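Engineer: Contents are mmCIF, C-alpha atoms; file name final_36.cif:
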data_start
#
loop_
_atom_site.group_PDB
_atom_site.id
_atom_site.type_symbol
_atom_site.label_atom_id
_atom_site.label_comp_id
_atom_site.auth_asym_id
_atom_site.auth_seq_id
_atom_site.Cartn_x
_atom_site.Cartn_y
_atom_site.Cartn_z
ATOM 1 C CA MET A 77 21.067 116.274 18.963
ATOM 2 C CA LEU A 78 19.627 118.486 16.262
ATOM 3 C CA SER A 79 20.036 115.798 13.587
ATOM 4 C CA ILE A 80 18.048 113.373 15.743
ATOM 5 C CA LEU A 81 15.264 115.930 16.063
ATOM 6 C CA TRP A 82 15.155 116.474 12.298
ATOM 7 C CA GLY A 83 15.049 112.712 11.794
ATOM 8 C CA ILE A 84 12.058 112.480 14.106
ATOM 9 C CA VAL A 85 10.330 115.324 12.254
ATOM 10 C CA VAL A 86 10.843 113.564 8.903
ATOM 11 C CA VAL A 87 9.509 110.265 10.245
ATOM 12 C CA LEU A 88 6.483 111.983 11.765
ATOM 13 C CA ILE A 89 5.720 113.796 8.512
ATOM 14 C CA ALA A 90 5.795 110.444 6.714
ATOM 15 C CA PHE A 91 3.492 108.866 9.314
ATOM 16 C CA TRP A 92 1.203 111.898 9.154
ATOM 17 C CA ALA A 93 0.933 111.586 5.377
ATOM 18 C CA LEU A 94 0.148 107.863 5.698
ATOM 19 C CA GLY A 95 -2.404 108.539 8.420
ATOM 20 C CA LEU A 96 -4.012 111.221 6.299
ATOM 21 C CA ALA A 97 -4.191 108.934 3.265
ATOM 22 C CA LEU A 98 -5.300 105.799 5.105
ATOM 23 C CA HIS A 99 -7.212 107.414 8.023
ATOM 24 C CA ILE A 100 -5.103 105.575 10.621
ATOM 25 C CA ALA A 101 -4.753 107.486 13.917
ATOM 26 C CA GLY A 102 -4.653 110.742 11.967
ATOM 27 C CA SER A 103 -5.441 113.060 14.858
ATOM 28 C CA LEU A 104 -2.864 111.486 17.187
ATOM 29 C CA ILE A 105 -0.132 111.624 14.563
ATOM 30 C CA HIS A 106 -1.128 115.208 13.735
ATOM 31 C CA ALA A 107 -0.792 116.267 17.377
ATOM 32 C CA VAL A 108 2.628 114.621 17.755
ATOM 33 C CA LEU A 109 3.775 116.166 14.462
ATOM 34 C CA LEU A 110 2.795 119.629 15.674
ATOM 35 C CA LEU A 111 4.717 119.023 18.894
ATOM 36 C CA ALA A 112 7.818 117.941 16.950
ATOM 37 C CA ILE A 113 7.618 120.999 14.678
ATOM 38 C CA ALA A 114 7.245 123.268 17.712
ATOM 39 C CA LEU A 115 10.341 121.688 19.278
ATOM 40 C CA ALA A 116 12.287 122.088 16.028
ATOM 41 C CA ILE A 117 11.372 125.789 15.840
ATOM 42 C CA TYR A 118 12.297 126.258 19.504
ATOM 43 C CA ASN A 119 15.691 124.612 18.970
ATOM 44 C CA PHE A 120 16.292 126.683 15.823
ATOM 45 C CA PHE A 121 15.778 129.961 17.687
ATOM 46 C CA LYS A 122 17.695 128.695 20.726
ATOM 47 C CA ALA A 123 20.701 127.831 18.520
ATOM 48 C CA ARG A 124 20.649 131.298 16.932
ATOM 49 C CA ASP A 125 20.988 133.006 20.338
ATOM 50 C CA VAL A 126 24.367 131.401 21.035
#
Could you write out this file's structure as structure tokens?
Structural biologist:
Amino acid sequence: MLSILWGIVVVLIAFWALGLALHIAGSLIHAVLLLAIALAIYNFFKARDV
């Protein structure tokens, strides 16, 4: 499950960079990227508690 999450984060970072460069839905991609990073941080700390 964690590898899927990291894959999503990488894809979103790529889309964010493209959106930033080409001004295509930049704010939407930025919001989703922040959500994915927050989930990755949550899962990182959750995995450390086990």
Engineer: Check the smallest atom-to-atom distance from each of A:His99, A:Tyr118, A:Arg124, A:Ile113 to Val86 (chain A) using only C-alpha atoms, then report the winner.
Structural biologist: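 When distances to Val86 (chain A) are compared using only C-alpha atoms, the smallest one comes from A:Ile113.
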Engineer: Go ahead and compute the interatomic distance for CA of Ser79 (chain A) and CA of Leu104 (chain A), in Å to one decimal.
Structural biologist: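 Going from CA of Ser79 (chain A) over to CA of Leu104 (chain A) covers 23.6 Å.
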Engineer: At a cut-off of 12 Å, using only C-alpha atoms, what residues contact region 89-91 of chain A? Leave out same-chain residues fewer than 4 positions from it and give the result as a PDB file with C-alpha atoms, keeping the file's coordinate frame.
Structural biologist:
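And here's result35.pdb as it stands now:
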ATOM      1  CA  TRP A  82      15.155 116.474  12.298  1.00  0.00           C
ATOM      2  CA  GLY A  83      15.049 112.712  11.794  1.00  0.00           C
ATOM      3  CA  ILE A  84      12.058 112.480  14.106  1.00  0.00           C
ATOM      4  CA  VAL A  85      10.330 115.324  12.254  1.00  0.00           C
ATOM      5  CA  GLY A  95      -2.404 108.539   8.420  1.00  0.00           C
ATOM      6  CA  LEU A  96      -4.012 111.221   6.299  1.00  0.00           C
ATOM      7  CA  ALA A  97      -4.191 108.934   3.265  1.00  0.00           C
ATOM      8  CA  LEU A  98      -5.300 105.799   5.105  1.00  0.00           C
ATOM      9  CA  HIS A  99      -7.212 107.414   8.023  1.00  0.00           C
ATOM     10  CA  ILE A 100      -5.103 105.575  10.621  1.00  0.00           C
ATOM     11  CA  ALA A 101      -4.753 107.486  13.917  1.00  0.00           C
ATOM     12  CA  GLY A 102      -4.653 110.742  11.967  1.00  0.00           C
ATOM     13  CA  SER A 103      -5.441 113.060  14.858  1.00  0.00           C
ATOM     14  CA  LEU A 104      -2.864 111.486  17.187  1.00  0.00           C
ATOM     15  CA  ILE A 105      -0.132 111.624  14.563  1.00  0.00           C
ATOM     16  CA  HIS A 106      -1.128 115.208  13.735  1.00  0.00           C
ATOM     17  CA  ALA A 107      -0.792 116.267  17.377  1.00  0.00           C
ATOM     18  CA  VAL A 108       2.628 114.621  17.755  1.00  0.00           C
ATOM     19  CA  LEU A 109       3.775 116.166  14.462  1.00  0.00           C
ATOM     20  CA  LEU A 110       2.795 119.629  15.674  1.00  0.00           C
ATOM     21  CA  LEU A 111       4.717 119.023  18.894  1.00  0.00           C
ATOM     22  CA  ALA A 112       7.818 117.941  16.950  1.00  0.00           C
ATOM     23  CA  ILE A 113       7.618 120.999  14.678  1.00  0.00           C
TER      24      ILE A 113
END
